[in-house]
file run.txt (compact mmCIF, C-alpha atoms (C1' of nucleotides))
# COMPACT_ATOMS: atom_id res chain seq x y z
CA MET A 977 -21.44 21.87 -20.55
CA GLU A 978 -20.37 24.20 -23.33
CA ARG A 979 -18.82 21.20 -25.02
CA LEU A 980 -22.19 19.47 -25.01
CA GLU A 981 -23.71 22.34 -27.01
CA GLN A 982 -20.87 22.00 -29.49
CA LEU A 983 -21.49 18.27 -29.73
CA LYS A 984 -25.19 18.81 -30.31
CA LYS A 985 -24.38 21.05 -33.26
CA GLU A 986 -21.90 18.57 -34.65
CA PHE A 987 -24.47 15.79 -34.48
CA ASN A 988 -27.11 17.89 -36.13
CA ASP A 989 -24.68 18.91 -38.84
CA ILE A 990 -23.76 15.37 -39.74
CA SER A 991 -27.21 13.72 -39.70
CA ASP A 992 -27.77 13.81 -43.44
CA PHE A 993 -24.33 12.40 -44.07
CA LEU A 994 -24.92 9.49 -41.69
CA ILE A 995 -28.28 8.72 -43.26
CA ALA A 996 -26.73 8.90 -46.72
CA LEU A 997 -23.94 6.50 -45.73
CA GLY A 998 -26.20 4.06 -43.91
CA ASP A 999 -28.23 2.97 -46.92
CA GLU A 1000 -26.99 -0.25 -48.54
CA LYS A 1001 -27.97 0.78 -52.04
CA ARG A 1002 -25.98 3.95 -51.71
CA GLN A 1003 -23.09 1.99 -50.22
CA SER A 1004 -22.98 -0.16 -53.34
CA ILE A 1005 -22.85 2.98 -55.45
CA ILE A 1006 -19.98 4.30 -53.33
CA ILE A 1007 -18.12 1.02 -53.57
CA THR A 1008 -18.57 0.92 -57.33
CA LEU A 1009 -17.16 4.43 -57.53
CA LEU A 1010 -14.25 3.44 -55.27
CA GLN A 1011 -13.49 0.53 -57.60
CA ASN A 1012 -13.28 2.89 -60.55
CA ASN A 1013 -11.70 5.76 -58.78
CA SER A 1014 -9.87 7.26 -61.72
CA CYS A 1015 -10.43 10.87 -62.70
CA LYS A 1016 -12.75 9.72 -65.46
CA GLY A 1017 -15.75 8.81 -63.32
CA LEU A 1018 -18.78 6.63 -64.06
CA ARG A 1019 -22.03 7.30 -65.87
CA VAL A 1020 -25.53 6.59 -64.59
CA ASN A 1021 -25.90 3.57 -66.85
CA ASP A 1022 -22.62 2.10 -65.61
CA LEU A 1023 -24.05 2.35 -62.09
CA THR A 1024 -27.40 0.79 -62.96
CA ASP A 1025 -25.50 -2.21 -64.34
CA ALA A 1026 -23.26 -2.54 -61.29
CA THR A 1027 -25.89 -1.99 -58.63
CA GLN A 1028 -28.98 -3.68 -60.10
CA LEU A 1029 -30.99 -0.51 -59.58
CA SER A 1030 -33.24 1.32 -62.00
CA ARG A 1031 -32.09 4.59 -63.50
CA PRO A 1032 -34.49 6.79 -61.50
CA ALA A 1033 -33.38 5.00 -58.34
CA VAL A 1034 -29.70 5.56 -59.11
CA SER A 1035 -30.44 9.16 -59.99
CA HIS A 1036 -32.26 9.62 -56.70
CA HIS A 1037 -29.40 8.18 -54.66
CA LEU A 1038 -26.77 10.13 -56.58
CA LYS A 1039 -28.65 13.31 -55.74
CA ILE A 1040 -28.57 12.46 -52.04
CA LEU A 1041 -24.86 11.58 -52.17
CA LYS A 1042 -24.17 14.82 -54.02
CA GLN A 1043 -26.10 16.86 -51.46
CA VAL A 1044 -23.90 15.62 -48.63
CA GLY A 1045 -20.74 16.34 -50.61
CA LEU A 1046 -19.62 12.76 -51.05
CA ILE A 1047 -19.64 12.75 -54.84
CA GLU A 1048 -19.28 15.22 -57.64
CA MET A 1049 -20.31 15.38 -61.27
CA ARG A 1050 -18.68 16.46 -64.50
CA SER A 1051 -20.64 16.88 -67.76
CA GLU A 1052 -19.46 16.22 -71.30
CA GLY A 1053 -22.30 16.90 -73.68
CA THR A 1054 -25.21 14.72 -72.60
CA LYS A 1055 -22.87 12.47 -70.67
CA ASN A 1056 -22.51 12.94 -66.92
CA TYR A 1057 -19.58 11.45 -65.07
CA TYR A 1058 -19.87 10.83 -61.35
CA PHE A 1059 -16.88 10.43 -59.06
CA LEU A 1060 -16.06 10.52 -55.37
CA SER A 1061 -15.28 13.98 -54.13
CA HIS A 1062 -11.57 14.57 -53.57
CA THR A 1063 -12.25 16.76 -50.59
CA THR A 1064 -13.14 14.74 -47.52
CA THR A 1065 -14.74 17.49 -45.45
CA GLU A 1066 -17.75 15.53 -44.24
CA ILE A 1067 -15.70 12.44 -43.50
CA ASP A 1068 -13.33 14.55 -41.43
CA LYS A 1069 -16.23 16.12 -39.54
CA LEU A 1070 -17.56 12.69 -38.69
CA LYS A 1071 -14.12 11.54 -37.49
CA ASN A 1072 -13.95 14.56 -35.21
CA LEU A 1073 -17.38 13.88 -33.80
CA LEU A 1074 -16.51 10.25 -33.08
CA ASN A 1075 -13.33 11.33 -31.33
CA HIS A 1076 -15.34 13.78 -29.29
CA VAL A 1077 -17.75 11.10 -28.18
CA THR A 1078 -15.10 8.55 -27.26
CA THR A 1079 -13.22 11.20 -25.29
CA ILE A 1080 -16.29 11.93 -23.18
CA ILE A 1081 -17.03 8.24 -22.68
CA GLU A 1082 -13.46 7.48 -21.66
CA LYS A 1083 -13.31 10.43 -19.30
CA SER A 1084 -16.24 9.17 -17.27
CA GLU A 1085 -14.69 5.73 -17.15
CA GLY A 1086 -13.22 6.28 -13.72
CA LYS A 1087 -16.26 7.89 -12.06
CA MET B 364 -9.15 -5.58 -55.37
CA GLU B 365 -9.01 -7.74 -52.27
CA ARG B 366 -9.19 -4.57 -50.24
CA LEU B 367 -12.43 -3.64 -51.93
CA GLU B 368 -14.02 -6.90 -50.73
CA GLN B 369 -12.86 -6.07 -47.23
CA LEU B 370 -14.35 -2.60 -47.53
CA LYS B 371 -17.64 -4.01 -48.75
CA LYS B 372 -17.86 -6.17 -45.64
CA GLU B 373 -16.96 -3.28 -43.38
CA PHE B 374 -19.70 -1.15 -44.92
CA ASN B 375 -22.25 -3.89 -44.60
CA ASP B 376 -21.22 -4.48 -41.02
CA ILE B 377 -21.67 -0.88 -39.98
CA SER B 378 -24.97 -0.07 -41.76
CA ASP B 379 -27.21 -0.50 -38.74
CA PHE B 380 -24.89 1.61 -36.63
CA LEU B 381 -24.93 4.44 -39.16
CA ILE B 382 -28.71 4.33 -39.41
CA ALA B 383 -28.98 4.31 -35.62
CA LEU B 384 -26.68 7.33 -35.33
CA GLY B 385 -28.32 9.28 -38.16
CA ASP B 386 -31.71 9.72 -36.51
CA GLU B 387 -32.14 13.02 -34.69
CA LYS B 388 -34.40 11.62 -32.00
CA ARG B 389 -31.81 8.98 -31.18
CA GLN B 390 -29.10 11.64 -31.23
CA SER B 391 -30.98 13.57 -28.56
CA ILE B 392 -31.15 10.43 -26.45
CA ILE B 393 -27.41 9.91 -26.89
CA ILE B 394 -26.68 13.52 -25.97
CA THR B 395 -28.87 13.29 -22.89
CA LEU B 396 -26.97 10.18 -21.85
CA LEU B 397 -23.66 11.95 -22.50
CA GLN B 398 -24.79 14.80 -20.27
CA ASN B 399 -25.47 12.39 -17.44
CA ASN B 400 -22.63 10.06 -18.08
CA SER B 401 -22.15 8.84 -14.55
CA CYS B 402 -22.25 5.14 -13.72
CA LYS B 403 -25.80 5.56 -12.49
CA GLY B 404 -27.54 5.88 -15.84
CA LEU B 405 -30.96 7.27 -16.77
CA ARG B 406 -34.43 5.75 -16.70
CA VAL B 407 -36.97 5.75 -19.51
CA ASN B 408 -39.03 8.48 -17.88
CA ASP B 409 -35.98 10.70 -17.49
CA LEU B 410 -35.47 10.37 -21.20
CA THR B 411 -39.08 11.10 -22.16
CA ASP B 412 -38.78 14.35 -20.19
CA ALA B 413 -35.50 15.35 -21.80
CA THR B 414 -36.34 14.42 -25.38
CA GLN B 415 -40.05 15.28 -25.65
CA LEU B 416 -40.79 11.77 -26.90
CA SER B 417 -43.46 9.35 -25.72
CA ARG B 418 -42.46 6.34 -23.67
CA PRO B 419 -43.05 3.78 -26.42
CA ALA B 420 -41.02 5.96 -28.79
CA VAL B 421 -38.12 6.18 -26.34
CA SER B 422 -38.38 2.46 -25.71
CA HIS B 423 -38.26 1.79 -29.44
CA HIS B 424 -35.19 3.96 -29.97
CA LEU B 425 -33.42 2.53 -26.93
CA LYS B 426 -33.90 -0.92 -28.38
CA ILE B 427 -32.27 0.13 -31.63
CA LEU B 428 -29.37 1.81 -29.81
CA LYS B 429 -28.93 -1.28 -27.68
CA GLN B 430 -28.90 -3.57 -30.73
CA VAL B 431 -25.97 -1.70 -32.23
CA GLY B 432 -24.04 -1.79 -28.96
CA LEU B 433 -24.11 1.92 -28.23
CA ILE B 434 -25.92 1.70 -24.93
CA GLU B 435 -26.38 -0.81 -22.16
CA MET B 436 -28.95 -1.42 -19.46
CA ARG B 437 -28.89 -2.30 -15.79
CA SER B 438 -31.99 -3.37 -13.86
CA GLU B 439 -32.87 -2.69 -10.23
CA GLY B 440 -36.24 -4.15 -9.46
CA THR B 441 -38.69 -2.60 -11.93
CA LYS B 442 -36.28 0.22 -12.61
CA ASN B 443 -34.08 0.10 -15.69
CA TYR B 444 -31.03 2.33 -15.98
CA TYR B 445 -29.63 3.10 -19.42
CA PHE B 446 -26.10 4.32 -20.02
CA LEU B 447 -23.63 4.64 -22.87
CA SER B 448 -21.58 1.53 -23.40
CA HIS B 449 -18.04 1.84 -22.10
CA THR B 450 -16.69 -0.26 -24.93
CA THR B 451 -16.46 1.70 -28.16
CA THR B 452 -16.23 -1.22 -30.58
CA GLU B 453 -18.66 0.07 -33.19
CA ILE B 454 -17.28 3.59 -33.03
CA ASP B 455 -13.79 2.20 -33.60
CA LYS B 456 -15.03 0.13 -36.55
CA LEU B 457 -16.53 3.21 -38.13
CA LYS B 458 -13.32 5.17 -37.61
CA ASN B 459 -11.39 2.42 -39.37
CA LEU B 460 -13.81 2.38 -42.27
CA LEU B 461 -13.56 6.14 -42.70
CA ASN B 462 -9.77 5.93 -42.66
CA HIS B 463 -9.95 3.20 -45.27
CA VAL B 464 -12.09 5.30 -47.55
CA THR B 465 -10.00 8.44 -47.25
CA THR B 466 -6.86 6.41 -47.93
CA ILE B 467 -8.30 5.12 -51.19
CA ILE B 468 -9.54 8.56 -52.20
CA GLU B 469 -6.19 10.17 -51.47
CA LYS B 470 -4.27 7.48 -53.28
CA SER B 471 -6.11 8.11 -56.53
CA GLU B 472 -5.52 11.83 -56.11
CA GLY B 473 -2.51 11.85 -58.40
CA LYS B 474 -3.90 9.66 -61.19
C1' DT C 570 -53.34 -9.28 -1.01
C1' DT C 571 -54.31 -5.05 -3.24
C1' DC C 572 -52.81 -0.90 -5.39
C1' DA C 573 -49.34 2.08 -7.49
C1' DT C 574 -45.18 2.38 -10.14
C1' DT C 575 -42.18 1.21 -13.79
C1' DA C 576 -41.53 -0.19 -18.20
C1' DG C 577 -41.75 -3.42 -22.21
C1' DT C 578 -44.93 -5.12 -26.21
C1' DT C 579 -48.46 -5.29 -29.69
C1' DT C 580 -51.26 -3.30 -33.10
C1' DA C 581 -52.78 0.04 -36.01
C1' DA C 582 -52.26 4.62 -37.84
C1' DA C 583 -49.32 8.15 -39.62
C1' DT C 584 -45.34 9.52 -41.62
C1' DG C 585 -41.38 9.28 -44.51
C1' DA C 586 -38.33 7.02 -47.97
C1' DT C 587 -37.80 4.43 -52.15
C1' DT C 588 -39.02 2.96 -56.54
C1' DA C 589 -41.02 2.42 -61.36
C1' DA C 590 -43.48 4.39 -65.13
C1' DA C 591 -44.05 7.96 -67.94
C1' DC C 592 -42.48 12.33 -69.33
C1' DC C 593 -39.34 16.15 -70.61
C1' DA C 594 -34.93 18.35 -72.00
C1' DT C 595 -30.50 18.38 -74.06
C1' DT C 596 -26.85 16.98 -77.09
C1' DA C 597 -24.87 14.39 -81.01
C1' DA C 598 -25.22 12.04 -85.12
C1' DA C 599 -27.48 11.00 -89.57
C1' DT D 444 -33.91 19.02 -89.29
C1' DT D 445 -34.96 14.59 -87.91
C1' DT D 446 -33.68 10.72 -85.01
C1' DA D 447 -31.18 8.34 -81.36
C1' DA D 448 -28.96 8.51 -76.99
C1' DT D 449 -28.37 10.16 -72.40
C1' DG D 450 -30.16 11.31 -68.24
C1' DG D 451 -32.90 14.26 -64.99
C1' DT D 452 -37.87 15.04 -63.01
C1' DT D 453 -42.59 14.26 -61.62
C1' DT D 454 -46.17 11.48 -59.92
C1' DA D 455 -48.12 7.75 -57.88
C1' DA D 456 -47.49 3.45 -55.69
C1' DT D 457 -45.03 0.65 -52.56
C1' DC D 458 -42.48 -0.27 -48.66
C1' DA D 459 -40.29 0.69 -44.17
C1' DT D 460 -40.06 3.42 -40.05
C1' DT D 461 -41.98 5.80 -36.38
C1' DT D 462 -45.46 6.77 -33.23
C1' DA D 463 -49.51 6.61 -29.94
C1' DA D 464 -52.98 3.96 -27.65
C1' DA D 465 -54.05 0.19 -25.25
C1' DC D 466 -52.44 -3.83 -23.06
C1' DT D 467 -49.46 -6.79 -20.22
C1' DA D 468 -46.04 -8.09 -16.76
C1' DA D 469 -43.35 -7.49 -12.79
C1' DT D 470 -41.85 -5.35 -8.58
C1' DG D 471 -42.54 -2.87 -4.25
C1' DA D 472 -45.33 -0.55 -0.83
C1' DA D 473 -49.58 -0.11 1.96
call {"tool": "encode", "arguments": {"input": "run.txt", "output": "structure tokens"}}
result
Amino acid sequence: MERLEQLKKEFNDISDFLIALGDEKRQSIIITLLQNNSCKGLRVNDLTDATQLSRPAVSHHLKILKQVGLIEMRSEGTKNYYFLSHTTTEIDKLKNLLNHVTTIIEKSEGK
Amino acid sequence: MERLEQLKKEFNDISDFLIALGDEKRQSIIITLLQNNSCKGLRVNDLTDATQLSRPAVSHHLKILKQVGLIEMRSEGTKNYYFLSHTTTEIDKLKNLLNHVTTIIEKSEGK
DNA sequence: TTCATTAGTTTAAATGATTAAACCATTAAA
DNA sequence: TTTAATGGTTTAATCATTTAAACTAATGAA
């Protein structure tokens, strides 16, 4: 039952990330960034073109994606370049959680 | 670029699952079911007790969890028993998607 | 058959998320 | 020092989600 406490924490920890990933608008931003996944990065206006969203909407979603550590930003003067984070900490956490869950499910298989 | 199309489909396919998993109320239902992961399953009233949610709220969330294939139901008379699905199809899909994404991110690492 | 139990559904209210419009701040160029 | 370009923020409106209250349906027991 100690493992259940651990699992509860893991779930709680990853909520924001799951919510961030679940939104289709944000998915299209992520996919656009994956398409242009050079070190250069993309600007807000590039993303409004690609995703059919207004600038405040893109800005809003970028903020959420940044908060969960999925993307990062680099400034050059007034120009901001957004790119997918090279560290995959949150993704790895989610993978671990999923493995945890499947392990428990499979263990009870024979009961 | 063919892989990107594939990825787009995978994302689209998994949206509802991510949204279902991201909600904290639904997480507490999942955890309660994990705690009692025998073949027997739990009834709606068991879940209202454990999660501090009203019956219509639990019913609503169970419906969502059922739609994405995470849980299943078994009826005995008027009594309905809910339990975590033994097939982990959606979980496996999500794992694959995450592996896909990390592969792309890591590939561009050296650019 | 009548009453109690179990649980899903519908509707309306409350809450929360998303968006556009307008505004502000910063940098770069003229 | 103006002016243009870039982009974040705030506010208010819209839209979707969640919830509770009341209702309905079905089964099982008295």
call {"tool": "residues_around", "arguments": {"input": "run.txt", "residues": "segment 454-461 of chain D", "least_positions_apart": "4", "cutoff": "12 Å", "atoms": "all atoms listed in the file", "output": "PDB file with C-alpha atoms (C1' of nucleotides), in the coordinates of the input"}}
result
ATOM      1  CA  ILE B 382     -28.710   4.330 -39.410  1.00  0.00           C
ATOM      2  CA  ALA B 383     -28.980   4.310 -35.620  1.00  0.00           C
ATOM      3  CA  ASP B 386     -31.710   9.720 -36.510  1.00  0.00           C
ATOM      4  CA  LYS B 388     -34.400  11.620 -32.000  1.00  0.00           C
ATOM      5  CA  ARG B 389     -31.810   8.980 -31.180  1.00  0.00           C
ATOM      6  CA  LEU B 416     -40.790  11.770 -26.900  1.00  0.00           C
ATOM      7  CA  SER B 417     -43.460   9.350 -25.720  1.00  0.00           C
ATOM      8  CA  PRO B 419     -43.050   3.780 -26.420  1.00  0.00           C
ATOM      9  CA  ALA B 420     -41.020   5.960 -28.790  1.00  0.00           C
ATOM     10  CA  VAL B 421     -38.120   6.180 -26.340  1.00  0.00           C
ATOM     11  CA  SER B 422     -38.380   2.460 -25.710  1.00  0.00           C
ATOM     12  CA  HIS B 423     -38.260   1.790 -29.440  1.00  0.00           C
ATOM     13  CA  HIS B 424     -35.190   3.960 -29.970  1.00  0.00           C
ATOM     14  CA  ILE B 427     -32.270   0.130 -31.630  1.00  0.00           C
TER      15      ILE B 427
ATOM     16  C1'  DA C 582     -52.260   4.620 -37.840  1.00  0.00           C
ATOM     17  C1'  DA C 583     -49.320   8.150 -39.620  1.00  0.00           C
ATOM     18  C1'  DT C 584     -45.340   9.520 -41.620  1.00  0.00           C
ATOM     19  C1'  DG C 585     -41.380   9.280 -44.510  1.00  0.00           C
ATOM     20  C1'  DA C 586     -38.330   7.020 -47.970  1.00  0.00           C
ATOM     21  C1'  DT C 587     -37.800   4.430 -52.150  1.00  0.00           C
ATOM     22  C1'  DT C 588     -39.020   2.960 -56.540  1.00  0.00           C
ATOM     23  C1'  DA C 589     -41.020   2.420 -61.360  1.00  0.00           C
ATOM     24  C1'  DA C 590     -43.480   4.390 -65.130  1.00  0.00           C
ATOM     25  C1'  DA C 591     -44.050   7.960 -67.940  1.00  0.00           C
ATOM     26  C1'  DC C 592     -42.480  12.330 -69.330  1.00  0.00           C
TER      27       DC C 592
END
call {"tool": "closest_atom_pairs", "arguments": {"input": "run.txt", "of": "chain D", "to": "chain A", "cutoff": "12 Å", "atoms": "only C-alpha atoms (C1' of nucleotides)", "output": "CSV"}}
result
residue,atom,partner,partner_atom,distance
D:DA448,C1',A:Thr1054,CA,8.5
D:DT449,C1',A:Thr1054,CA,5.6
D:DG450,C1',A:Thr1054,CA,7.4
D:DG451,C1',A:Ser1035,CA,7.6
D:DT452,C1',A:Pro1032,CA,9.0
D:DT453,C1',A:Pro1032,CA,11.0
call {"tool": "closest_residue", "arguments": {"input": "run.txt", "among": "A:Lys1069, A:His1076, A:Lys984, A:Lys1039", "to": "chain B", "atoms": "only C-alpha atoms"}}
result
A:Lys984
call {"tool": "closest_residue", "arguments": {"input": "run.txt", "among": "B:Ser471, B:Asn375, B:Thr450, B:Thr411", "to": "Leu1009 of chain A", "atoms": "all atoms listed in the file"}}
result
B:Ser471
call {"tool": "atom_distance", "arguments": {"input": "run.txt", "atom1": "atom C1' of DC466 of chain D", "atom2": "atom CA of Ser391 of chain B"}}
result
28.2 Å
call {"tool": "interface_residues", "arguments": {"input": "run.txt", "of": "chain A", "to": "chain B", "cutoff": "9 Å", "atoms": "all atoms listed in the file", "output": "NGL selection string"}}
result
:A and (977 or 980 or 983-984 or 987-988 or 990-1000 or 1003-1004 or 1007 or 1010-1011 or 1013-1015 or 1060-1064 or 1067-1068 or 1070-1071 or 1074-1075 or 1077-1078 or 1080-1082 or 1084-1085 or 1087)
call {"tool": "atom_distance", "arguments": {"input": "run.txt", "atom1": "atom C1' of DG471 of chain D", "atom2": "atom C1' of DT574 of chain C"}}
result
8.3 Å
call {"tool": "interface_residues", "arguments": {"input": "run.txt", "of": "chain C", "to": "chain B", "cutoff": "9 Å", "atoms": "all atoms listed in the file", "output": "MDAnalysis selection string"}}
result
chainID C and resid 574:577
call {"tool": "build_atoms", "arguments": {"input": "run.txt", "residues": "segment 368-379 of chain B", "atoms": "N, CA and C atoms", "output": "tab-separated table (two decimals), in the coordinates of the input"}}
result
chain	number	residue	atom	x	y	z
B	368	GLU	N	-13.15	-5.89	-51.37
B	368	GLU	CA	-14.02	-6.90	-50.73
B	368	GLU	C	-14.11	-6.66	-49.23
B	369	GLN	N	-12.95	-6.39	-48.65
B	369	GLN	CA	-12.86	-6.07	-47.23
B	369	GLN	C	-13.73	-4.86	-46.90
B	370	LEU	N	-13.61	-3.84	-47.73
B	370	LEU	CA	-14.35	-2.60	-47.53
B	370	LEU	C	-15.85	-2.84	-47.62
B	371	LYS	N	-16.24	-3.70	-48.57
B	371	LYS	CA	-17.64	-4.01	-48.75
B	371	LYS	C	-18.20	-4.63	-47.46
B	372	LYS	N	-17.44	-5.53	-46.89
B	372	LYS	CA	-17.86	-6.17	-45.64
B	372	LYS	C	-17.95	-5.16	-44.51
B	373	GLU	N	-16.96	-4.30	-44.43
B	373	GLU	CA	-16.96	-3.28	-43.38
B	373	GLU	C	-18.19	-2.38	-43.49
B	374	PHE	N	-18.51	-1.98	-44.70
B	374	PHE	CA	-19.70	-1.15	-44.92
B	374	PHE	C	-20.95	-1.88	-44.47
B	375	ASN	N	-21.07	-3.10	-44.91
B	375	ASN	CA	-22.25	-3.89	-44.60
B	375	ASN	C	-22.40	-4.07	-43.09
B	376	ASP	N	-21.26	-4.24	-42.45
B	376	ASP	CA	-21.22	-4.48	-41.02
B	376	ASP	C	-21.69	-3.28	-40.21
B	377	ILE	N	-21.47	-2.11	-40.75
B	377	ILE	CA	-21.67	-0.88	-39.98
B	377	ILE	C	-22.99	-0.18	-40.32
B	378	SER	N	-23.73	-0.71	-41.29
B	378	SER	CA	-24.97	-0.07	-41.76
B	378	SER	C	-25.92	0.27	-40.62
B	379	ASP	N	-26.24	-0.72	-39.81
B	379	ASP	CA	-27.21	-0.50	-38.74
B	379	ASP	C	-26.74	0.58	-37.76
